[in-house]
>>> print(open('target22.txt').read())   # compact mmCIF, N, CA and C atoms
# COMPACT_ATOMS: atom_id res chain seq x y z
N ARG A 1058 -62.48 -86.08 53.59
CA ARG A 1058 -61.17 -86.62 53.25
C ARG A 1058 -60.99 -88.02 53.83
N ARG A 1059 -60.20 -88.79 53.14
CA ARG A 1059 -59.89 -90.13 53.62
C ARG A 1059 -58.70 -90.05 54.56
N PRO A 1060 -58.58 -90.99 55.49
CA PRO A 1060 -57.45 -90.94 56.43
C PRO A 1060 -56.13 -91.25 55.74
N SER A 1061 -55.09 -90.50 56.06
CA SER A 1061 -53.74 -90.77 55.54
C SER A 1061 -53.00 -91.65 56.52
N SER A 1062 -53.56 -92.78 56.83
CA SER A 1062 -52.94 -93.70 57.76
C SER A 1062 -53.07 -95.11 57.22
N SER A 1063 -51.95 -95.81 57.11
CA SER A 1063 -52.01 -97.18 56.60
C SER A 1063 -52.82 -98.07 57.52
N TYR A 1064 -52.90 -97.72 58.80
CA TYR A 1064 -53.70 -98.53 59.74
C TYR A 1064 -55.16 -98.54 59.32
N PHE A 1065 -55.67 -97.39 58.88
CA PHE A 1065 -57.07 -97.29 58.49
C PHE A 1065 -57.31 -97.73 57.05
N ARG A 1066 -56.29 -97.71 56.22
CA ARG A 1066 -56.47 -97.99 54.80
C ARG A 1066 -56.09 -99.41 54.40
N LEU A 1067 -55.24 -100.08 55.12
CA LEU A 1067 -54.71 -101.37 54.71
C LEU A 1067 -55.63 -102.51 55.12
N PRO A 1068 -56.23 -103.22 54.17
CA PRO A 1068 -57.19 -104.27 54.51
C PRO A 1068 -56.61 -105.40 55.35
N TRP A 1069 -55.34 -105.71 55.18
CA TRP A 1069 -54.73 -106.83 55.90
C TRP A 1069 -53.99 -106.38 57.14
N ARG A 1070 -54.24 -105.19 57.64
CA ARG A 1070 -53.47 -104.61 58.75
C ARG A 1070 -53.37 -105.51 59.97
N THR A 1071 -54.44 -106.16 60.35
CA THR A 1071 -54.41 -106.95 61.58
C THR A 1071 -54.42 -108.44 61.33
N LYS A 1072 -54.31 -108.86 60.11
CA LYS A 1072 -54.35 -110.29 59.80
C LYS A 1072 -52.95 -110.88 59.77
N ALA A 1073 -52.90 -112.18 60.00
CA ALA A 1073 -51.63 -112.90 59.94
C ALA A 1073 -51.18 -112.99 58.49
N LYS A 1074 -49.90 -113.30 58.30
CA LYS A 1074 -49.40 -113.43 56.94
C LYS A 1074 -50.02 -114.67 56.28
N PRO A 1075 -49.98 -114.76 54.95
CA PRO A 1075 -50.59 -115.89 54.26
C PRO A 1075 -50.15 -117.22 54.86
N GLY A 1076 -51.09 -118.14 54.96
CA GLY A 1076 -50.81 -119.44 55.53
C GLY A 1076 -51.21 -119.53 56.99
N GLY A 1077 -51.71 -118.43 57.56
CA GLY A 1077 -52.19 -118.44 58.93
C GLY A 1077 -51.14 -118.25 59.99
N ASP A 1078 -49.87 -118.12 59.62
CA ASP A 1078 -48.81 -117.91 60.60
C ASP A 1078 -48.98 -116.53 61.23
N PRO A 1079 -49.11 -116.43 62.55
CA PRO A 1079 -49.32 -115.13 63.20
C PRO A 1079 -48.04 -114.30 63.31
N GLY A 1080 -46.97 -114.75 62.70
CA GLY A 1080 -45.70 -114.01 62.78
C GLY A 1080 -45.71 -112.73 61.98
N TYR A 1081 -44.54 -112.23 61.68
CA TYR A 1081 -44.38 -110.96 60.97
C TYR A 1081 -45.17 -110.93 59.67
N ASN A 1082 -45.84 -109.84 59.43
CA ASN A 1082 -46.62 -109.65 58.22
C ASN A 1082 -46.04 -108.47 57.44
N PRO A 1083 -45.40 -108.73 56.29
CA PRO A 1083 -44.78 -107.63 55.53
C PRO A 1083 -45.79 -106.62 55.00
N TRP A 1084 -47.06 -106.98 54.91
CA TRP A 1084 -48.08 -106.05 54.43
C TRP A 1084 -48.27 -104.87 55.38
N ILE A 1085 -47.93 -105.06 56.64
CA ILE A 1085 -48.14 -104.01 57.64
C ILE A 1085 -47.36 -102.74 57.28
N LEU A 1086 -46.20 -102.89 56.66
CA LEU A 1086 -45.36 -101.73 56.37
C LEU A 1086 -45.57 -101.15 54.98
N LYS A 1087 -46.47 -101.70 54.20
CA LYS A 1087 -46.71 -101.20 52.84
C LYS A 1087 -47.34 -99.81 52.89
N LYS A 1088 -46.95 -98.97 51.94
CA LYS A 1088 -47.49 -97.61 51.89
C LYS A 1088 -48.46 -97.43 50.72
N GLU A 1089 -48.60 -98.44 49.87
CA GLU A 1089 -49.44 -98.30 48.69
C GLU A 1089 -50.90 -98.00 49.03
N TRP A 1090 -51.33 -98.32 50.22
CA TRP A 1090 -52.71 -98.14 50.61
C TRP A 1090 -52.99 -96.77 51.22
N ILE A 1091 -51.97 -95.99 51.42
CA ILE A 1091 -52.16 -94.67 52.02
C ILE A 1091 -52.72 -93.71 50.98
N TYR A 1092 -53.80 -93.07 51.32
CA TYR A 1092 -54.41 -92.10 50.41
C TYR A 1092 -53.62 -90.80 50.46
N THR A 1093 -53.15 -90.34 49.32
CA THR A 1093 -52.47 -89.05 49.23
C THR A 1093 -53.18 -88.21 48.16
N ALA A 1094 -53.41 -86.97 48.47
CA ALA A 1094 -54.16 -86.09 47.57
C ALA A 1094 -53.32 -85.64 46.39
N TRP A 1095 -54.00 -85.32 45.31
CA TRP A 1095 -53.41 -84.67 44.14
C TRP A 1095 -53.62 -83.17 44.30
N SER A 1096 -52.84 -82.39 43.59
CA SER A 1096 -52.96 -80.93 43.70
C SER A 1096 -54.36 -80.45 43.34
N PHE A 1097 -55.02 -81.08 42.37
CA PHE A 1097 -56.35 -80.61 41.96
C PHE A 1097 -57.42 -80.94 43.00
N GLU A 1098 -57.11 -81.80 43.98
CA GLU A 1098 -58.07 -82.15 45.02
C GLU A 1098 -58.06 -81.16 46.19
N ARG A 1099 -57.07 -80.31 46.23
CA ARG A 1099 -57.01 -79.31 47.30
C ARG A 1099 -58.22 -78.40 47.19
N MET A 1100 -58.70 -77.95 48.33
CA MET A 1100 -59.76 -76.95 48.28
C MET A 1100 -59.22 -75.76 47.52
N ARG A 1101 -60.09 -74.95 47.02
CA ARG A 1101 -59.65 -73.82 46.21
C ARG A 1101 -58.53 -73.06 46.91
N GLU A 1102 -57.42 -72.96 46.21
CA GLU A 1102 -56.27 -72.24 46.78
C GLU A 1102 -56.55 -70.75 46.74
N THR A 1103 -56.23 -70.11 47.82
CA THR A 1103 -56.33 -68.66 47.86
C THR A 1103 -54.92 -68.09 47.79
N HIS A 1104 -54.83 -66.84 47.45
CA HIS A 1104 -53.52 -66.20 47.37
C HIS A 1104 -52.81 -66.32 48.72
N GLY A 1105 -51.63 -66.86 48.69
CA GLY A 1105 -50.85 -66.98 49.92
C GLY A 1105 -51.09 -68.25 50.71
N SER A 1106 -51.95 -69.17 50.21
CA SER A 1106 -52.15 -70.41 50.96
C SER A 1106 -50.88 -71.25 50.90
N LYS A 1107 -50.66 -72.04 51.93
CA LYS A 1107 -49.43 -72.82 52.08
C LYS A 1107 -49.77 -74.30 52.22
N SER A 1108 -48.74 -75.13 52.11
CA SER A 1108 -48.90 -76.56 52.36
C SER A 1108 -47.87 -76.97 53.41
N TYR A 1109 -48.34 -77.76 54.39
CA TYR A 1109 -47.51 -78.17 55.52
C TYR A 1109 -47.55 -79.68 55.70
N PHE A 1110 -46.41 -80.25 56.08
CA PHE A 1110 -46.34 -81.67 56.42
C PHE A 1110 -45.80 -81.78 57.83
N PHE A 1111 -46.53 -82.46 58.70
CA PHE A 1111 -46.12 -82.71 60.08
C PHE A 1111 -45.84 -84.20 60.21
N ASP A 1112 -44.60 -84.55 60.52
CA ASP A 1112 -44.19 -85.95 60.62
C ASP A 1112 -43.83 -86.26 62.07
N LEU A 1113 -44.69 -87.00 62.74
CA LEU A 1113 -44.48 -87.35 64.14
C LEU A 1113 -43.86 -88.74 64.19
N GLY A 1114 -42.55 -88.78 64.15
CA GLY A 1114 -41.78 -90.02 64.06
C GLY A 1114 -41.08 -90.04 62.72
N SER A 1115 -40.26 -89.02 62.47
CA SER A 1115 -39.69 -88.85 61.14
C SER A 1115 -38.39 -89.60 60.88
N SER A 1116 -37.77 -90.17 61.92
CA SER A 1116 -36.51 -90.91 61.76
C SER A 1116 -35.51 -90.05 61.00
N THR A 1117 -34.94 -90.59 59.90
CA THR A 1117 -34.06 -89.80 59.05
C THR A 1117 -34.73 -89.71 57.68
N TYR A 1118 -34.14 -88.97 56.77
CA TYR A 1118 -34.78 -88.79 55.47
C TYR A 1118 -34.88 -90.11 54.71
N LEU A 1119 -33.86 -90.95 54.80
CA LEU A 1119 -33.83 -92.16 54.00
C LEU A 1119 -34.10 -93.45 54.77
N THR A 1120 -34.32 -93.37 56.09
CA THR A 1120 -34.55 -94.58 56.87
C THR A 1120 -35.69 -94.37 57.87
N GLY A 1121 -36.14 -95.47 58.42
CA GLY A 1121 -37.17 -95.40 59.46
C GLY A 1121 -37.69 -96.78 59.80
N ALA A 1122 -38.29 -96.92 60.95
CA ALA A 1122 -38.79 -98.22 61.40
C ALA A 1122 -39.82 -98.79 60.43
N GLY A 1123 -40.64 -97.94 59.85
CA GLY A 1123 -41.64 -98.37 58.88
C GLY A 1123 -41.22 -98.09 57.46
N GLY A 1124 -39.93 -97.89 57.24
CA GLY A 1124 -39.42 -97.50 55.94
C GLY A 1124 -39.16 -96.01 55.93
N ALA A 1125 -38.65 -95.53 54.85
CA ALA A 1125 -38.29 -94.12 54.73
C ALA A 1125 -39.55 -93.28 54.47
N SER A 1126 -40.29 -92.99 55.52
CA SER A 1126 -41.57 -92.30 55.32
C SER A 1126 -41.40 -90.83 54.96
N LEU A 1127 -40.43 -90.13 55.54
CA LEU A 1127 -40.26 -88.71 55.24
C LEU A 1127 -39.98 -88.52 53.75
N SER A 1128 -39.04 -89.28 53.20
CA SER A 1128 -38.74 -89.15 51.77
C SER A 1128 -39.91 -89.63 50.93
N TRP A 1129 -40.61 -90.67 51.37
CA TRP A 1129 -41.75 -91.19 50.60
C TRP A 1129 -42.85 -90.14 50.50
N PHE A 1130 -43.23 -89.52 51.64
CA PHE A 1130 -44.28 -88.51 51.62
C PHE A 1130 -43.87 -87.28 50.81
N ALA A 1131 -42.64 -86.80 51.00
CA ALA A 1131 -42.18 -85.63 50.25
C ALA A 1131 -42.21 -85.92 48.75
N ASP A 1132 -41.75 -87.10 48.36
CA ASP A 1132 -41.67 -87.46 46.95
C ASP A 1132 -43.07 -87.67 46.35
N ILE A 1133 -43.94 -88.40 47.02
CA ILE A 1133 -45.25 -88.71 46.45
C ILE A 1133 -46.09 -87.45 46.30
N TYR A 1134 -46.05 -86.57 47.30
CA TYR A 1134 -46.82 -85.33 47.18
C TYR A 1134 -46.22 -84.41 46.11
N ASP A 1135 -44.90 -84.36 46.01
CA ASP A 1135 -44.27 -83.55 44.98
C ASP A 1135 -44.68 -84.04 43.60
N LYS A 1136 -44.70 -85.36 43.40
CA LYS A 1136 -45.12 -85.93 42.11
C LYS A 1136 -46.59 -85.63 41.82
N ARG A 1137 -47.38 -85.42 42.86
CA ARG A 1137 -48.81 -85.14 42.68
C ARG A 1137 -49.09 -83.63 42.65
N GLY A 1138 -48.03 -82.83 42.56
CA GLY A 1138 -48.19 -81.40 42.39
C GLY A 1138 -48.28 -80.59 43.67
N ILE A 1139 -47.96 -81.22 44.80
CA ILE A 1139 -47.99 -80.51 46.08
C ILE A 1139 -46.59 -80.56 46.68
N ARG A 1140 -45.90 -79.45 46.61
CA ARG A 1140 -44.56 -79.34 47.22
C ARG A 1140 -44.75 -78.57 48.52
N PHE A 1141 -44.43 -79.23 49.63
CA PHE A 1141 -44.65 -78.62 50.94
C PHE A 1141 -43.81 -77.37 51.13
N ASP A 1142 -44.47 -76.32 51.64
CA ASP A 1142 -43.77 -75.08 51.96
C ASP A 1142 -42.97 -75.22 53.25
N ARG A 1143 -43.51 -75.99 54.19
CA ARG A 1143 -42.81 -76.26 55.45
C ARG A 1143 -43.02 -77.73 55.81
N ILE A 1144 -41.97 -78.32 56.35
CA ILE A 1144 -42.02 -79.70 56.83
C ILE A 1144 -41.53 -79.68 58.27
N PHE A 1145 -42.34 -80.20 59.17
CA PHE A 1145 -41.98 -80.28 60.58
C PHE A 1145 -41.83 -81.75 60.94
N GLY A 1146 -40.68 -82.12 61.51
CA GLY A 1146 -40.47 -83.51 61.89
C GLY A 1146 -40.03 -83.63 63.33
N TRP A 1147 -40.66 -84.55 64.05
CA TRP A 1147 -40.27 -84.87 65.43
C TRP A 1147 -39.78 -86.31 65.45
N GLU A 1148 -38.69 -86.54 66.17
CA GLU A 1148 -38.14 -87.89 66.31
C GLU A 1148 -37.59 -88.07 67.71
N ILE A 1149 -38.07 -89.11 68.41
CA ILE A 1149 -37.66 -89.38 69.78
C ILE A 1149 -36.26 -90.01 69.85
N THR A 1150 -35.89 -90.82 68.86
CA THR A 1150 -34.59 -91.48 68.85
C THR A 1150 -33.51 -90.48 68.46
N VAL A 1151 -32.44 -90.43 69.24
CA VAL A 1151 -31.35 -89.51 68.93
C VAL A 1151 -30.70 -89.96 67.62
N GLU A 1152 -30.68 -89.06 66.66
CA GLU A 1152 -30.14 -89.36 65.33
C GLU A 1152 -28.92 -88.49 65.06
N ASN A 1153 -28.00 -89.02 64.27
CA ASN A 1153 -26.84 -88.27 63.81
C ASN A 1153 -27.34 -87.25 62.78
N PRO A 1154 -27.08 -85.95 63.00
CA PRO A 1154 -27.59 -84.94 62.07
C PRO A 1154 -27.21 -85.18 60.61
N ARG A 1155 -26.01 -85.67 60.37
CA ARG A 1155 -25.61 -85.94 58.98
C ARG A 1155 -26.49 -87.03 58.36
N GLN A 1156 -26.88 -88.02 59.17
CA GLN A 1156 -27.76 -89.08 58.67
C GLN A 1156 -29.18 -88.58 58.46
N VAL A 1157 -29.64 -87.69 59.33
CA VAL A 1157 -30.99 -87.14 59.20
C VAL A 1157 -31.16 -86.50 57.83
N PHE A 1158 -30.19 -85.71 57.41
CA PHE A 1158 -30.31 -84.92 56.18
C PHE A 1158 -29.67 -85.56 54.96
N HIS A 1159 -29.04 -86.74 55.14
CA HIS A 1159 -28.38 -87.42 54.03
C HIS A 1159 -29.41 -87.76 52.93
N GLY A 1160 -29.09 -87.37 51.72
CA GLY A 1160 -29.95 -87.67 50.57
C GLY A 1160 -31.14 -86.74 50.40
N MET A 1161 -31.26 -85.76 51.28
CA MET A 1161 -32.41 -84.85 51.24
C MET A 1161 -32.24 -83.84 50.11
N PRO A 1162 -33.23 -83.72 49.22
CA PRO A 1162 -33.15 -82.70 48.17
C PRO A 1162 -33.15 -81.30 48.77
N GLU A 1163 -32.60 -80.34 48.05
CA GLU A 1163 -32.51 -78.97 48.54
C GLU A 1163 -33.87 -78.40 48.94
N TRP A 1164 -34.90 -78.66 48.15
CA TRP A 1164 -36.21 -78.06 48.46
C TRP A 1164 -36.74 -78.58 49.79
N VAL A 1165 -36.47 -79.87 50.11
CA VAL A 1165 -36.90 -80.43 51.40
C VAL A 1165 -36.05 -79.83 52.51
N PHE A 1166 -34.74 -79.78 52.31
CA PHE A 1166 -33.84 -79.22 53.32
C PHE A 1166 -34.24 -77.80 53.69
N ASP A 1167 -34.54 -77.00 52.68
CA ASP A 1167 -34.90 -75.60 52.91
C ASP A 1167 -36.24 -75.45 53.62
N ALA A 1168 -37.12 -76.44 53.48
CA ALA A 1168 -38.45 -76.38 54.11
C ALA A 1168 -38.48 -77.06 55.48
N MET A 1169 -37.42 -77.80 55.83
CA MET A 1169 -37.42 -78.69 56.99
C MET A 1169 -37.14 -77.99 58.31
N SER A 1170 -37.95 -78.32 59.31
CA SER A 1170 -37.68 -78.00 60.71
C SER A 1170 -37.69 -79.34 61.43
N TYR A 1171 -36.53 -79.79 61.90
CA TYR A 1171 -36.38 -81.12 62.48
C TYR A 1171 -36.12 -81.01 63.98
N TYR A 1172 -36.98 -81.65 64.77
CA TYR A 1172 -36.87 -81.64 66.22
C TYR A 1172 -36.51 -83.04 66.70
N ASN A 1173 -35.27 -83.22 67.10
CA ASN A 1173 -34.82 -84.54 67.56
C ASN A 1173 -35.11 -84.71 69.04
N ILE A 1174 -36.37 -84.56 69.37
CA ILE A 1174 -36.88 -84.67 70.74
C ILE A 1174 -38.28 -85.28 70.66
N PRO A 1175 -38.76 -85.85 71.76
CA PRO A 1175 -40.11 -86.42 71.72
C PRO A 1175 -41.17 -85.34 71.55
N ALA A 1176 -42.18 -85.66 70.77
CA ALA A 1176 -43.35 -84.79 70.68
C ALA A 1176 -44.11 -84.92 71.99
N GLU A 1177 -44.67 -83.81 72.45
CA GLU A 1177 -45.43 -83.82 73.71
C GLU A 1177 -46.92 -83.81 73.42
N ALA A 1178 -47.68 -84.56 74.22
CA ALA A 1178 -49.13 -84.64 74.03
C ALA A 1178 -49.90 -83.59 74.84
N GLU A 1179 -49.26 -83.03 75.85
CA GLU A 1179 -49.94 -82.07 76.71
C GLU A 1179 -50.36 -80.84 75.90
N PRO A 1180 -51.65 -80.48 75.93
CA PRO A 1180 -52.12 -79.31 75.18
C PRO A 1180 -51.32 -78.06 75.54
N GLY A 1181 -50.90 -77.34 74.52
CA GLY A 1181 -50.17 -76.11 74.73
C GLY A 1181 -48.69 -76.27 75.01
N ALA A 1182 -48.21 -77.51 75.17
CA ALA A 1182 -46.78 -77.73 75.44
C ALA A 1182 -45.96 -77.25 74.25
N ILE A 1183 -44.79 -76.72 74.51
CA ILE A 1183 -43.94 -76.15 73.47
C ILE A 1183 -43.60 -77.17 72.38
N HIS A 1184 -43.48 -78.45 72.73
CA HIS A 1184 -43.13 -79.49 71.75
C HIS A 1184 -44.34 -80.31 71.32
N ASN A 1185 -45.52 -79.74 71.46
CA ASN A 1185 -46.74 -80.40 70.98
C ASN A 1185 -46.95 -80.01 69.51
N PRO A 1186 -46.88 -81.00 68.59
CA PRO A 1186 -47.04 -80.68 67.17
C PRO A 1186 -48.36 -79.98 66.83
N LEU A 1187 -49.42 -80.28 67.57
CA LEU A 1187 -50.70 -79.63 67.30
C LEU A 1187 -50.68 -78.15 67.69
N ARG A 1188 -49.89 -77.81 68.71
CA ARG A 1188 -49.71 -76.41 69.06
C ARG A 1188 -49.01 -75.69 67.91
N THR A 1189 -47.97 -76.33 67.36
CA THR A 1189 -47.25 -75.74 66.23
C THR A 1189 -48.16 -75.62 65.01
N LEU A 1190 -48.95 -76.64 64.76
CA LEU A 1190 -49.88 -76.60 63.64
C LEU A 1190 -50.82 -75.40 63.77
N ARG A 1191 -51.39 -75.22 64.96
CA ARG A 1191 -52.29 -74.08 65.18
C ARG A 1191 -51.56 -72.74 65.03
N ALA A 1192 -50.28 -72.72 65.35
CA ALA A 1192 -49.52 -71.47 65.28
C ALA A 1192 -49.18 -71.07 63.84
N VAL A 1193 -49.03 -72.05 62.94
CA VAL A 1193 -48.57 -71.72 61.59
C VAL A 1193 -49.64 -71.85 60.51
N ALA A 1194 -50.56 -72.80 60.66
CA ALA A 1194 -51.53 -73.08 59.59
C ALA A 1194 -52.79 -72.23 59.73
N ARG A 1195 -53.35 -71.92 58.57
CA ARG A 1195 -54.62 -71.20 58.52
C ARG A 1195 -55.67 -72.11 57.87
N LYS A 1196 -56.90 -71.73 57.93
CA LYS A 1196 -57.99 -72.54 57.40
C LYS A 1196 -57.80 -72.88 55.92
N GLU A 1197 -57.26 -71.98 55.14
CA GLU A 1197 -57.11 -72.19 53.70
C GLU A 1197 -55.87 -73.00 53.33
N ASP A 1198 -55.03 -73.34 54.29
CA ASP A 1198 -53.81 -74.10 54.02
C ASP A 1198 -54.09 -75.59 53.90
N PHE A 1199 -53.17 -76.28 53.22
CA PHE A 1199 -53.24 -77.74 53.06
C PHE A 1199 -52.28 -78.35 54.09
N VAL A 1200 -52.79 -79.25 54.92
CA VAL A 1200 -51.99 -79.83 56.02
C VAL A 1200 -52.07 -81.34 55.98
N VAL A 1201 -50.92 -81.99 56.08
CA VAL A 1201 -50.84 -83.45 56.21
C VAL A 1201 -50.14 -83.73 57.53
N VAL A 1202 -50.72 -84.64 58.34
CA VAL A 1202 -50.11 -85.07 59.60
C VAL A 1202 -49.89 -86.57 59.52
N LYS A 1203 -48.63 -87.00 59.65
CA LYS A 1203 -48.29 -88.43 59.66
C LYS A 1203 -47.94 -88.82 61.08
N VAL A 1204 -48.67 -89.79 61.63
CA VAL A 1204 -48.42 -90.27 62.99
C VAL A 1204 -47.83 -91.66 62.92
>>> encode(input="target22.txt", output="structure tokens")
Amino acid sequence: RRPSSSYFRLPWRTKAKPGGDPGYNPWILKKEWIYTAWSFERMRETHGSKSYFFDLGSSTYLTGAGGASLSWFADIYDKRGIRFDRIFGWEITVENPRQVFHGMPEWVFDAMSYYNIPAEAEPGAIHNPLRTLRAVARKEDFVVVKV
């Protein structure tokens, strides 16, 4: 599989903007370079297999420092035939709950588990997203992790 990270996919990630100015580069926030799978690319689905999205830095549904990534990922995968069964989001910045869920479609709302606390890196920690991933996902499931 290819990495689902704009850092690894975007050719101009570390370059200055056109003209050599080392200032802000709008290409850094583009999502067009992120590889997202189509439903037919999933390994053979078995009965009961699930799809999960883990968003480490989910902001709100319609906003975020790098753009509205939660809505972008939910929408792009849905258009490609993969509707997530569960969505887990961690956000360190305290957000207004009404803003978090504003504009969220019902299917996303029903699948969403939103943790407005920092994700923990310590193995086995209760708020470690990888611990949660191991607790819910099986080998036959489709998993996307956005960092």
>>> closest_residue(input="target22.txt", among="A:Ile1174, A:Ala1094, A:Val1202, A:Met1161", to="Ser1128 in chain A", atoms="all atoms listed in the file")
A:Met1161
>>> closest_residue(input="target22.txt", among="A:Asp1132, A:Phe1110, A:Asn1153, A:Gly1124", to="Val1193 in chain A", atoms="only C-alpha atoms")
A:Phe1110
>>> select_by_dssp(input="target22.txt", residues="range 1106-1167 of chain A", states="strand (DSSP E)", output="list of chain:residue names")
A:Ser1108, A:Tyr1109, A:Phe1110, A:Phe1111, A:Asp1112, A:Leu1113, A:Arg1143, A:Ile1144, A:Phe1145, A:Gly1146, A:Trp1147
>>> closest_residue(input="target22.txt", among="A:Ser1116, A:Glu1179, A:Arg1099, A:Phe1130", to="Thr1150 in chain A", atoms="all atoms listed in the file")
A:Ser1116
>>> atom_distance(input="target22.txt", atom1="CA of Gln1156 in chain A", atom2="CA of Gly1123 in chain A")
16.7 Å
>>> closest_residue(input="target22.txt", among="A:Phe1199, A:Arg1140, A:Thr1117, A:Ile1183", to="Glu1152 in chain A", atoms="all atoms listed in the file")
A:Thr1117
>>> atom_distance(input="target22.txt", atom1="atom N of Ala1168 in chain A", atom2="atom N of Ser1108 in chain A")
11.8 Å
>>> atom_distance(input="target22.txt", atom1="atom C of Arg1188 in chain A", atom2="atom N of Gly1114 in chain A")
15.1 Å
>>> residues_near_point(input="target22.txt", point="(-49.9, -88.0, 49.9)", cutoff="12 Å", atoms="only C-alpha atoms", output="ChimeraX atom specification")
/A:1058-1063,1088-1096,1098-1099,1108-1110,1126-1141,1199-1203
>>> write_last_selection(input="target22.txt", atoms="N, CA and C atoms", output="short mmCIF file (atom, residue, chain, number, x, y, z; two decimals), in the frame of the given file")
data_model
loop_
_atom_site.label_atom_id
_atom_site.label_comp_id
_atom_site.auth_asym_id
_atom_site.auth_seq_id
_atom_site.Cartn_x
_atom_site.Cartn_y
_atom_site.Cartn_z
N ARG A 1058 -62.48 -86.08 53.59
CA ARG A 1058 -61.17 -86.62 53.25
C ARG A 1058 -60.99 -88.02 53.83
N ARG A 1059 -60.20 -88.79 53.14
CA ARG A 1059 -59.89 -90.13 53.62
C ARG A 1059 -58.70 -90.05 54.56
N PRO A 1060 -58.58 -90.99 55.49
CA PRO A 1060 -57.45 -90.94 56.43
C PRO A 1060 -56.13 -91.25 55.74
N SER A 1061 -55.09 -90.50 56.06
CA SER A 1061 -53.74 -90.77 55.54
C SER A 1061 -53.00 -91.65 56.52
N SER A 1062 -53.56 -92.78 56.83
CA SER A 1062 -52.94 -93.70 57.76
C SER A 1062 -53.07 -95.11 57.22
N SER A 1063 -51.95 -95.81 57.11
CA SER A 1063 -52.01 -97.18 56.60
C SER A 1063 -52.82 -98.07 57.52
N LYS A 1088 -46.95 -98.97 51.94
CA LYS A 1088 -47.49 -97.61 51.89
C LYS A 1088 -48.46 -97.43 50.72
N GLU A 1089 -48.60 -98.44 49.87
CA GLU A 1089 -49.44 -98.30 48.69
C GLU A 1089 -50.90 -98.00 49.03
N TRP A 1090 -51.33 -98.32 50.22
CA TRP A 1090 -52.71 -98.14 50.61
C TRP A 1090 -52.99 -96.77 51.22
N ILE A 1091 -51.97 -95.99 51.42
CA ILE A 1091 -52.16 -94.67 52.02
C ILE A 1091 -52.72 -93.71 50.98
N TYR A 1092 -53.80 -93.07 51.32
CA TYR A 1092 -54.41 -92.10 50.41
C TYR A 1092 -53.62 -90.80 50.46
N THR A 1093 -53.15 -90.34 49.32
CA THR A 1093 -52.47 -89.05 49.23
C THR A 1093 -53.18 -88.21 48.16
N ALA A 1094 -53.41 -86.97 48.47
CA ALA A 1094 -54.16 -86.09 47.57
C ALA A 1094 -53.32 -85.64 46.39
N TRP A 1095 -54.00 -85.32 45.31
CA TRP A 1095 -53.41 -84.67 44.14
C TRP A 1095 -53.62 -83.17 44.30
N SER A 1096 -52.84 -82.39 43.59
CA SER A 1096 -52.96 -80.93 43.70
C SER A 1096 -54.36 -80.45 43.34
N GLU A 1098 -57.11 -81.80 43.98
CA GLU A 1098 -58.07 -82.15 45.02
C GLU A 1098 -58.06 -81.16 46.19
N ARG A 1099 -57.07 -80.31 46.23
CA ARG A 1099 -57.01 -79.31 47.30
C ARG A 1099 -58.22 -78.40 47.19
N SER A 1108 -48.74 -75.13 52.11
CA SER A 1108 -48.90 -76.56 52.36
C SER A 1108 -47.87 -76.97 53.41
N TYR A 1109 -48.34 -77.76 54.39
CA TYR A 1109 -47.51 -78.17 55.52
C TYR A 1109 -47.55 -79.68 55.70
N PHE A 1110 -46.41 -80.25 56.08
CA PHE A 1110 -46.34 -81.67 56.42
C PHE A 1110 -45.80 -81.78 57.83
N SER A 1126 -40.29 -92.99 55.52
CA SER A 1126 -41.57 -92.30 55.32
C SER A 1126 -41.40 -90.83 54.96
N LEU A 1127 -40.43 -90.13 55.54
CA LEU A 1127 -40.26 -88.71 55.24
C LEU A 1127 -39.98 -88.52 53.75
N SER A 1128 -39.04 -89.28 53.20
CA SER A 1128 -38.74 -89.15 51.77
C SER A 1128 -39.91 -89.63 50.93
N TRP A 1129 -40.61 -90.67 51.37
CA TRP A 1129 -41.75 -91.19 50.60
C TRP A 1129 -42.85 -90.14 50.50
N PHE A 1130 -43.23 -89.52 51.64
CA PHE A 1130 -44.28 -88.51 51.62
C PHE A 1130 -43.87 -87.28 50.81
N ALA A 1131 -42.64 -86.80 51.00
CA ALA A 1131 -42.18 -85.63 50.25
C ALA A 1131 -42.21 -85.92 48.75
N ASP A 1132 -41.75 -87.10 48.36
CA ASP A 1132 -41.67 -87.46 46.95
C ASP A 1132 -43.07 -87.67 46.35
N ILE A 1133 -43.94 -88.40 47.02
CA ILE A 1133 -45.25 -88.71 46.45
C ILE A 1133 -46.09 -87.45 46.30
N TYR A 1134 -46.05 -86.57 47.30
CA TYR A 1134 -46.82 -85.33 47.18
C TYR A 1134 -46.22 -84.41 46.11
N ASP A 1135 -44.90 -84.36 46.01
CA ASP A 1135 -44.27 -83.55 44.98
C ASP A 1135 -44.68 -84.04 43.60
N LYS A 1136 -44.70 -85.36 43.40
CA LYS A 1136 -45.12 -85.93 42.11
C LYS A 1136 -46.59 -85.63 41.82
N ARG A 1137 -47.38 -85.42 42.86
CA ARG A 1137 -48.81 -85.14 42.68
C ARG A 1137 -49.09 -83.63 42.65
N GLY A 1138 -48.03 -82.83 42.56
CA GLY A 1138 -48.19 -81.40 42.39
C GLY A 1138 -48.28 -80.59 43.67
N ILE A 1139 -47.96 -81.22 44.80
CA ILE A 1139 -47.99 -80.51 46.08
C ILE A 1139 -46.59 -80.56 46.68
N ARG A 1140 -45.90 -79.45 46.61
CA ARG A 1140 -44.56 -79.34 47.22
C ARG A 1140 -44.75 -78.57 48.52
N PHE A 1141 -44.43 -79.23 49.63
CA PHE A 1141 -44.65 -78.62 50.94
C PHE A 1141 -43.81 -77.37 51.13
N PHE A 1199 -53.17 -76.28 53.22
CA PHE A 1199 -53.24 -77.74 53.06
C PHE A 1199 -52.28 -78.35 54.09
N VAL A 1200 -52.79 -79.25 54.92
CA VAL A 1200 -51.99 -79.83 56.02
C VAL A 1200 -52.07 -81.34 55.98
N VAL A 1201 -50.92 -81.99 56.08
CA VAL A 1201 -50.84 -83.45 56.21
C VAL A 1201 -50.14 -83.73 57.53
N VAL A 1202 -50.72 -84.64 58.34
CA VAL A 1202 -50.11 -85.07 59.60
C VAL A 1202 -49.89 -86.57 59.52
N LYS A 1203 -48.63 -87.00 59.65
CA LYS A 1203 -48.29 -88.43 59.66
C LYS A 1203 -47.94 -88.82 61.08
#
